[in-house]
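Containing mmCIF, C-alpha atoms and all ligand atoms: structure.cif.
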data_input
#
loop_
_atom_site.label_atom_id
_atom_site.label_comp_id
_atom_site.auth_asym_id
_atom_site.auth_seq_id
_atom_site.Cartn_x
_atom_site.Cartn_y
_atom_site.Cartn_z
CA MET N 1 14.64 -23.73 -11.37
CA ASN N 2 12.41 -23.68 -8.29
CA LYS N 3 13.86 -24.32 -4.85
CA ILE N 4 12.53 -27.37 -3.00
CA ALA N 5 10.90 -26.94 0.41
CA LEU N 6 9.73 -29.78 2.67
CA ILE N 7 7.00 -28.91 5.16
CA THR N 8 6.04 -31.29 7.96
CA GLY N 9 2.45 -31.15 9.21
CA ALA N 10 1.08 -29.85 5.93
CA THR N 11 -2.37 -31.43 6.32
CA SER N 12 -3.66 -28.57 8.43
CA GLY N 13 -3.18 -25.10 9.90
CA ILE N 14 0.20 -23.41 9.66
CA GLY N 15 1.85 -26.16 7.62
CA ARG N 16 -0.93 -26.24 5.04
CA ALA N 17 -0.90 -22.46 4.65
CA THR N 18 2.90 -22.49 4.37
CA ALA N 19 2.90 -25.11 1.61
CA LYS N 20 0.38 -23.07 -0.36
CA LYS N 21 2.27 -19.82 0.18
CA LEU N 22 5.65 -21.23 -0.81
CA ALA N 23 4.15 -22.92 -3.87
CA GLN N 24 2.73 -19.54 -4.93
CA HIS N 25 6.24 -18.08 -4.72
CA ASN N 26 8.30 -20.38 -6.89
CA PHE N 27 8.99 -23.25 -4.53
CA ASP N 28 8.41 -26.90 -5.35
CA VAL N 29 6.92 -28.37 -2.19
CA ILE N 30 7.16 -31.73 -0.47
CA ILE N 31 4.08 -31.92 1.72
CA THR N 32 4.05 -34.37 4.62
CA GLY N 33 1.76 -35.58 7.39
CA ARG N 34 -0.12 -38.69 8.44
CA ARG N 35 -3.50 -38.00 6.78
CA LYS N 36 -2.92 -38.94 3.16
CA GLU N 37 -6.30 -37.82 1.83
CA LEU N 38 -5.72 -34.30 3.15
CA LEU N 39 -2.34 -34.22 1.43
CA GLU N 40 -4.01 -35.32 -1.83
CA ASP N 41 -6.57 -32.50 -1.46
CA LEU N 42 -3.82 -29.98 -0.80
CA LYS N 43 -1.83 -31.19 -3.79
CA GLN N 44 -4.83 -30.63 -6.04
CA GLU N 45 -5.50 -27.20 -4.57
CA ILE N 46 -1.89 -26.10 -5.00
CA GLN N 47 -1.74 -27.40 -8.55
CA SER N 48 -4.90 -25.51 -9.46
CA GLN N 49 -3.34 -22.26 -8.23
CA SER N 50 0.38 -22.44 -8.99
CA SER N 51 2.71 -24.01 -11.48
CA GLY N 52 5.26 -25.53 -9.06
CA ARG N 53 5.65 -29.24 -8.46
CA VAL N 54 4.12 -30.99 -5.43
CA TYR N 55 5.26 -34.30 -3.90
CA ILE N 56 3.46 -36.15 -1.11
CA LEU N 57 5.16 -38.13 1.64
CA THR N 58 2.92 -39.77 4.24
CA PHE N 59 4.64 -40.69 7.49
CA ASP N 60 4.69 -40.15 11.24
CA VAL N 61 7.55 -37.89 12.38
CA ARG N 62 7.77 -39.88 15.64
CA ASP N 63 8.99 -42.94 13.75
CA ASN N 64 12.64 -42.46 12.84
CA GLU N 65 12.67 -45.45 10.49
CA ALA N 66 9.62 -44.09 8.66
CA VAL N 67 11.30 -40.68 8.38
CA ASN N 68 14.43 -42.24 6.88
CA GLN N 69 12.44 -44.44 4.48
CA ALA N 70 10.29 -41.54 3.32
CA ILE N 71 13.22 -39.26 2.58
CA ASP N 72 15.18 -42.10 0.94
CA SER N 73 12.18 -42.78 -1.31
CA LEU N 74 12.35 -39.33 -2.91
CA PRO N 75 13.14 -39.41 -6.63
CA ASP N 76 16.48 -37.86 -7.62
CA ASP N 77 14.91 -34.64 -8.78
CA TRP N 78 13.32 -34.11 -5.34
CA GLN N 79 16.37 -34.81 -3.20
CA ASN N 80 17.91 -31.38 -3.08
CA ILE N 81 15.81 -30.00 -0.24
CA GLU N 82 16.89 -26.40 0.40
CA VAL N 83 14.23 -25.46 2.96
CA LEU N 84 12.99 -27.69 5.78
CA VAL N 85 10.04 -26.41 7.81
CA ASN N 86 9.82 -28.42 11.04
CA ASN N 87 6.21 -27.58 11.76
CA ALA N 88 4.49 -30.87 12.73
CA GLY N 89 3.56 -30.63 16.36
CA LEU N 90 0.80 -30.61 18.90
CA ALA N 91 -0.39 -29.95 22.40
CA VAL N 92 -2.42 -32.75 23.97
CA GLY N 93 -4.28 -32.12 27.21
CA LEU N 94 -4.11 -29.21 29.62
CA ASN N 95 -3.46 -30.49 33.14
CA HIS N 96 -1.57 -29.66 36.29
CA ILE N 97 1.62 -31.72 36.36
CA HIS N 98 0.42 -34.12 39.09
CA GLU N 99 -2.65 -34.92 37.01
CA GLY N 100 -0.81 -35.19 33.69
CA VAL N 101 -1.54 -38.07 31.34
CA ILE N 102 1.67 -39.94 30.53
CA ASP N 103 0.54 -40.84 27.02
CA ASP N 104 -0.15 -37.15 26.28
CA TRP N 105 3.35 -36.29 27.49
CA GLU N 106 4.92 -38.96 25.27
CA ARG N 107 3.00 -37.76 22.22
CA MET N 108 4.13 -34.16 22.70
CA ILE N 109 7.75 -35.01 23.46
CA ASP N 110 7.99 -37.56 20.63
CA THR N 111 6.40 -35.27 18.04
CA ASN N 112 7.60 -31.80 18.99
CA ILE N 113 11.16 -32.66 20.01
CA LYS N 114 12.10 -36.07 18.63
CA GLY N 115 10.23 -35.56 15.33
CA LEU N 116 12.05 -32.27 14.77
CA LEU N 117 15.36 -34.00 15.54
CA TYR N 118 14.72 -36.99 13.26
CA MET N 119 13.81 -34.73 10.34
CA THR N 120 16.81 -32.50 10.89
CA ARG N 121 19.22 -35.42 11.28
CA LYS N 122 18.03 -36.94 8.02
CA ILE N 123 17.88 -33.81 5.88
CA SER N 124 20.67 -31.55 7.16
CA PRO N 125 23.69 -33.63 6.00
CA ARG N 126 22.85 -32.92 2.39
CA MET N 127 22.48 -29.20 3.13
CA ILE N 128 25.87 -29.29 4.80
CA GLU N 129 27.39 -31.08 1.83
CA LYS N 130 25.99 -28.37 -0.46
CA LYS N 131 26.92 -25.57 2.00
CA HIS N 132 23.45 -24.19 1.50
CA GLY N 133 20.08 -24.65 3.17
CA HIS N 134 17.60 -23.27 5.65
CA ILE N 135 15.82 -24.96 8.54
CA ILE N 136 12.76 -23.29 10.06
CA ASN N 137 11.61 -24.62 13.42
CA ILE N 138 8.13 -23.69 14.59
CA GLY N 139 8.46 -22.79 18.27
CA SER N 140 5.80 -20.78 20.10
CA THR N 141 5.24 -18.05 22.63
CA ALA N 142 4.92 -21.17 24.81
CA GLY N 143 8.64 -21.65 24.17
CA ARG N 144 9.34 -18.24 25.70
CA GLU N 145 6.90 -18.35 28.60
CA VAL N 146 5.32 -21.02 30.75
CA TYR N 147 1.64 -20.95 31.67
CA GLU N 148 -0.47 -22.92 34.14
CA LYS N 149 -1.18 -26.48 32.95
CA GLY N 150 1.01 -25.96 29.89
CA ASN N 151 3.97 -27.70 31.58
CA VAL N 152 5.00 -30.37 29.06
CA TYR N 153 3.85 -28.56 25.90
CA CYS N 154 5.72 -25.41 26.97
CA SER N 155 8.80 -27.52 27.71
CA THR N 156 8.77 -29.04 24.23
CA LYS N 157 8.59 -25.57 22.69
CA HIS N 158 11.41 -24.32 24.94
CA ALA N 159 13.36 -27.30 23.59
CA ALA N 160 12.52 -26.36 19.98
CA ILE N 161 13.96 -22.89 20.60
CA ALA N 162 17.06 -24.24 22.38
CA LEU N 163 17.62 -26.67 19.52
CA THR N 164 17.25 -23.85 17.00
CA GLN N 165 20.00 -21.91 18.76
CA ALA N 166 22.21 -24.99 19.05
CA MET N 167 21.69 -25.97 15.42
CA ARG N 168 22.56 -22.46 14.26
CA ILE N 169 25.91 -22.72 16.05
CA ASP N 170 26.63 -26.23 14.76
CA MET N 171 25.75 -25.30 11.18
CA LEU N 172 27.45 -21.94 11.16
CA GLU N 173 30.57 -23.08 9.34
CA HIS N 174 28.42 -24.95 6.82
CA LYS N 175 26.40 -21.88 5.82
CA VAL N 176 23.07 -23.48 6.74
CA LYS N 177 20.59 -20.96 8.17
CA VAL N 178 18.39 -21.86 11.13
CA THR N 179 15.36 -19.84 12.22
CA ALA N 180 12.74 -20.13 14.95
CA ILE N 181 9.26 -18.80 14.24
CA ASN N 182 7.31 -18.37 17.45
CA PRO N 183 3.58 -17.75 17.01
CA GLY N 184 1.07 -16.79 19.66
CA MET N 185 -2.53 -18.00 19.29
CA VAL N 186 -3.29 -19.21 15.77
CA GLU N 187 -6.73 -20.59 14.93
CA THR N 188 -6.03 -24.01 13.44
CA GLU N 189 -6.82 -27.59 14.52
CA PHE N 190 -4.39 -26.99 17.41
CA SER N 191 -7.03 -26.53 20.14
CA VAL N 192 -9.27 -29.32 18.80
CA VAL N 193 -6.27 -31.63 19.18
CA ARG N 194 -5.37 -30.19 22.60
CA PHE N 195 -8.93 -30.77 23.84
CA LYS N 196 -9.09 -34.21 22.21
CA GLY N 197 -11.85 -33.44 19.71
CA ASP N 198 -14.00 -31.16 21.91
CA LYS N 199 -14.77 -28.57 19.23
CA GLU N 200 -16.91 -26.38 21.49
CA LYS N 201 -14.09 -26.02 24.02
CA ALA N 202 -11.62 -25.42 21.20
CA ASP N 203 -13.72 -22.71 19.56
CA LYS N 204 -13.96 -20.81 22.86
CA VAL N 205 -10.18 -20.31 22.83
CA TYR N 206 -10.49 -17.94 19.86
CA GLN N 207 -13.73 -16.18 20.80
CA GLY N 208 -13.89 -12.43 21.49
CA PHE N 209 -10.74 -11.44 19.62
CA THR N 210 -9.17 -11.84 16.20
CA PRO N 211 -6.50 -14.53 16.46
CA LEU N 212 -3.73 -15.21 13.99
CA TYR N 213 -4.46 -17.51 11.07
CA GLY N 214 -2.15 -20.04 9.43
CA GLU N 215 -1.70 -17.65 6.53
CA ASP N 216 -0.16 -15.00 8.83
CA ILE N 217 2.57 -17.39 9.88
CA ALA N 218 3.05 -18.56 6.30
CA ASP N 219 3.71 -14.92 5.34
CA ALA N 220 6.45 -14.72 7.95
CA ILE N 221 8.00 -17.98 6.76
CA LEU N 222 7.97 -16.73 3.17
CA TYR N 223 9.75 -13.55 4.28
CA VAL N 224 12.37 -15.50 6.21
CA VAL N 225 13.19 -17.92 3.38
CA THR N 226 13.41 -15.22 0.72
CA ARG N 227 16.10 -13.06 2.38
CA PRO N 228 19.41 -12.74 0.55
CA GLU N 229 22.04 -15.43 1.13
CA HIS N 230 23.97 -13.29 3.65
CA VAL N 231 20.91 -12.58 5.85
CA CYS N 232 19.63 -15.02 8.50
CA ILE N 233 16.56 -14.15 10.56
CA ASN N 234 17.30 -15.93 13.83
CA ASP N 235 14.04 -15.62 15.63
CA MET N 236 10.57 -14.14 15.25
CA ILE N 237 7.74 -13.80 17.76
CA ILE N 238 4.37 -13.12 16.18
CA THR N 239 1.15 -12.56 18.09
CA ALA N 240 -2.30 -11.30 17.19
CA THR N 241 -2.60 -7.57 17.81
CA ALA N 242 -5.04 -8.47 20.60
CA GLN N 243 -2.41 -10.56 22.39
CA ALA N 244 0.71 -9.21 24.14
CA ASN N 245 2.07 -12.57 25.33
CA SER N 246 0.79 -15.82 26.87
CA PHE N 247 -0.87 -13.91 29.73
CA TYR N 248 -2.32 -10.69 28.33
CA LYS N 249 -5.06 -10.64 25.74
CA VAL N 250 -7.86 -8.14 25.16
CA THR N 251 -11.30 -9.32 24.16
CA GLU N 252 -14.04 -7.21 22.59
P1 LIG D 1 -2.72 -28.24 13.44
O1 LIG D 1 -3.24 -29.22 14.42
O2 LIG D 1 -3.69 -27.52 12.58
O3 LIG D 1 -1.59 -28.91 12.52
C1 LIG D 1 -0.65 -29.79 13.06
C2 LIG D 1 0.02 -30.55 11.94
O4 LIG D 1 1.02 -31.41 12.52
C3 LIG D 1 -0.95 -31.41 11.16
O5 LIG D 1 -0.69 -31.28 9.80
C4 LIG D 1 -0.61 -32.82 11.63
O6 LIG D 1 -0.78 -33.72 10.55
C5 LIG D 1 0.86 -32.69 11.95
N1 LIG D 1 1.30 -33.72 12.88
C6 LIG D 1 0.95 -33.86 14.17
N2 LIG D 1 1.50 -34.96 14.69
C7 LIG D 1 2.21 -35.54 13.69
C8 LIG D 1 3.00 -36.71 13.58
N3 LIG D 1 3.20 -37.52 14.62
N4 LIG D 1 3.60 -37.00 12.41
C9 LIG D 1 3.42 -36.18 11.33
N5 LIG D 1 2.69 -35.06 11.37
C10 LIG D 1 2.09 -34.75 12.53
O7 LIG D 1 -1.89 -27.19 14.32
P2 LIG D 1 -1.01 -25.91 13.94
O8 LIG D 1 -0.96 -25.67 12.50
O9 LIG D 1 -1.47 -24.83 14.82
O10 LIG D 1 0.40 -26.40 14.49
C11 LIG D 1 1.58 -26.41 13.72
C12 LIG D 1 2.75 -26.10 14.64
O11 LIG D 1 2.60 -24.78 15.16
C13 LIG D 1 2.87 -27.01 15.85
O12 LIG D 1 4.25 -27.30 16.06
C14 LIG D 1 2.34 -26.15 16.99
O13 LIG D 1 2.90 -26.51 18.22
C15 LIG D 1 2.83 -24.79 16.54
N6 LIG D 1 2.15 -23.65 17.11
C16 LIG D 1 0.79 -23.52 17.01
C17 LIG D 1 0.17 -22.41 17.57
C18 LIG D 1 -1.31 -22.24 17.56
O14 LIG D 1 -1.83 -21.42 18.36
N7 LIG D 1 -2.04 -22.91 16.68
C19 LIG D 1 0.95 -21.35 18.20
C20 LIG D 1 2.36 -21.60 18.28
C21 LIG D 1 2.93 -22.70 17.72
P3 LIG D 1 -1.46 -35.17 10.65
O15 LIG D 1 -2.41 -35.15 11.81
O16 LIG D 1 -2.12 -35.35 9.33
O17 LIG D 1 -0.31 -36.08 10.85
C1 LIG D 2 0.42 -22.51 20.91
C2 LIG D 2 0.13 -21.20 21.56
O1 LIG D 2 -0.57 -20.12 23.77
O2 LIG D 2 -1.74 -22.13 23.11
O3 LIG D 2 1.78 -22.79 20.97
O4 LIG D 2 0.51 -22.27 23.88
S1 LIG D 2 -0.44 -21.46 23.17
#
With the file now loaded, output its structure as structure tokens.
Ligand code: NDP
Ligand code: 8X3
Amino acid sequence: MNKIALITGATSGIGRATAKKLAQHNFDVIITGRRKELLEDLKQEIQSQSSGRVYILTFDVRDNEAVNQAIDSLPDDWQNIEVLVNNAGLAVGLNHIHEGVIDDWERMIDTNIKGLLYMTRKISPRMIEKKHGHIINIGSTAGREVYEKGNVYCSTKHAAIALTQAMRIDMLEHKVKVTAINPGMVETEFSVVRFKGDKEKADKVYQGFTPLYGEDIADAILYVVTRPEHVCINDMIITATAQANSFYKVTE
């Protein structure tokens, strides 16, 4: 029988690539996000390529009640989630702290920190009951370093890494694995969202070098979730070959 993996933020980028990758490797996938039509498209694409089952849940991770309702609505044969990928997240705006937009801050904190917590709080008790499960939190190089104007986004990713470490300790006796995957620059909708729809500005972020793609991070997630039961990958930092960290990048 296939294992069940739930991926948040599967409508785009890393989450979408991860859902496809896991489905190609004997996982049944629960794909989630706010944009239902994109989840429908992904479901069709996965089903045309692999034989696993796909289930769609449409909700906003910032809404704890919606999270609980969505997970409670799963049919019995979808309830045994063995892998949770806390991927939904975003950066909004790029400003010095004294010019920061409060609404941008709330969106990042509510999605990247509170969303991850709500999902984990809802899904982990069953993993603990079963003494089996794996939670993957998508951090970032921005969770290891802090760059100019990245203040609040970097803080949320530092929090994701701190929570990963804390969760691993709390779940140790329950045999639930917890991993942080920390990508550098990945070409997804990330920068379009950060620059509030300014595609030209977003495209410039990835010009002059080969960035990572969602598929590269999906590969890493597949590796992490297919280790033997006694092996837990705690943490991974993955950058493009052209990028050393948040500050050093070579362009052609
Ligand atoms: P995308 O913008 O391509 O994807 C983000 C996903 O998150 C979308 O599927 C979006 O779905 C979902 N999402 C955002 N807000 C919410 C919400 N409130 N409720 C539910 N789903 C939500 O970006 P990436 O794939 O790049 O980002 C995925 C993760 O990777 C994020 O946590 C990001 O911080 C992290 N990351 C990205 C890097 C990069 O360079 N791209 C590098 C390091 C980390 P929808 O809009 O349909 O709800
Ligand atoms: C996304 C990578 O460098 O834009 O987390 O913060 S970066």
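For the residues N:Arg194, N:Lys21, N:Lys204, N:Lys177, ranking by smallest atom-to-atom distance to ligand LIG 1 (chain D) using all atoms listed in the file places N:Arg194 first.
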Report as AutoDock Vina command-line options the centre and the edge lengths, in Å to one decimal, of the axis-aligned box holding every listed atom of ligand LIG 2 (chain D), padded by 5 Å on each side.
--center_x 0.0 --center_y -21.5 --center_z 22.4 --size_x 13.5 --size_y 12.7 --size_z 13.0
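Closest approach to Lys131 in chain N among N:Val205, N:Leu172, N:Ala23, N:Met108 is made by N:Leu172 (distances from only C-alpha atoms).
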Would you list the residues that come within 9 Å of ligand LIG 2 (chain D)? Count all atoms listed in the file and give the answer as a list of chain:residue names.
->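 Listed by chain and ascending number, the contacts are N:Leu90, N:Ala91, N:Gly139, N:Ser140, N:Thr141, N:Ala142, N:Gly143, N:Glu145, N:Val146, N:Tyr147, N:Gly150, N:Tyr153, N:Cys154, N:Lys157, N:Asn182, N:Pro183, N:Gly184, N:Met185, N:Val186, N:Phe190, N:Ser191, N:Arg194, N:Val205, N:Asn245, N:Ser246, N:Phe247.
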By how many Å are atom C18 of ligand LIG 1 (chain D) and CA of Cys232 in chain N apart?
-> 23.9 Å
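As for CA of Gly52 in chain N and CA of Asn64 in chain N, they are spaced 28.6 Å apart.
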If you count all atoms listed in the file, which residues end up within 7 Å of ligand LIG 1 (chain D), as an MDAnalysis selection string?
-> chainID N and resid 8:16 32:35 59:62 87:91 111:112 138:141 182:190 193 214
Could you pull the residues within 10 Å of range 75-79 of chain N, counting all atoms listed in the file, minus those fewer than 5 positions along the same chain, as a list in words?
->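 Non-adjacent residues within range: Lys3, Ile4, Ala5, Leu6, Asp28, Val29, Ile30, Arg53, Val54, Tyr55, Ile123 and Arg126 of chain N.
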Can you write out the residues you just picked, keeping C-alpha atoms, as an mmCIF file, keeping the file's coordinate frame?
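So part13.cif came out as:
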data_model
loop_
_atom_site.group_PDB
_atom_site.id
_atom_site.type_symbol
_atom_site.label_atom_id
_atom_site.label_comp_id
_atom_site.auth_asym_id
_atom_site.auth_seq_id
_atom_site.Cartn_x
_atom_site.Cartn_y
_atom_site.Cartn_z
ATOM 1 C CA LYS N 3 13.860 -24.320 -4.850
ATOM 2 C CA ILE N 4 12.530 -27.370 -3.000
ATOM 3 C CA ALA N 5 10.900 -26.940 0.410
ATOM 4 C CA LEU N 6 9.730 -29.780 2.670
ATOM 5 C CA ASP N 28 8.410 -26.900 -5.350
ATOM 6 C CA VAL N 29 6.920 -28.370 -2.190
ATOM 7 C CA ILE N 30 7.160 -31.730 -0.470
ATOM 8 C CA ARG N 53 5.650 -29.240 -8.460
ATOM 9 C CA VAL N 54 4.120 -30.990 -5.430
ATOM 10 C CA TYR N 55 5.260 -34.300 -3.900
ATOM 11 C CA ILE N 123 17.880 -33.810 5.880
ATOM 12 C CA ARG N 126 22.850 -32.920 2.390
#
Atomic distance CA of Ile113 in chain N - CA of Ala159 in chain N, expressed in Å with one decimal |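 Calculated distance between CA of Ile113 in chain N and CA of Ala159 in chain N is 6.8 Å.
Distances from N:Asp72, N:Glu99, N:Asp198, N:Asp170 to Val152 in chain N were compared using only C-alpha atoms, and the smallest one belongs to N:Glu99.
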Closest of N:Ile56, N:Lys249, N:Gln44, N:His98 to Ile31 in chain N, counting all atoms listed in the file, is N:Ile56
Nearest-residue call for Pro228 in chain N, choices N:His134, N:Arg168, N:His96, N:His25, using all atoms listed in the file = N:His134
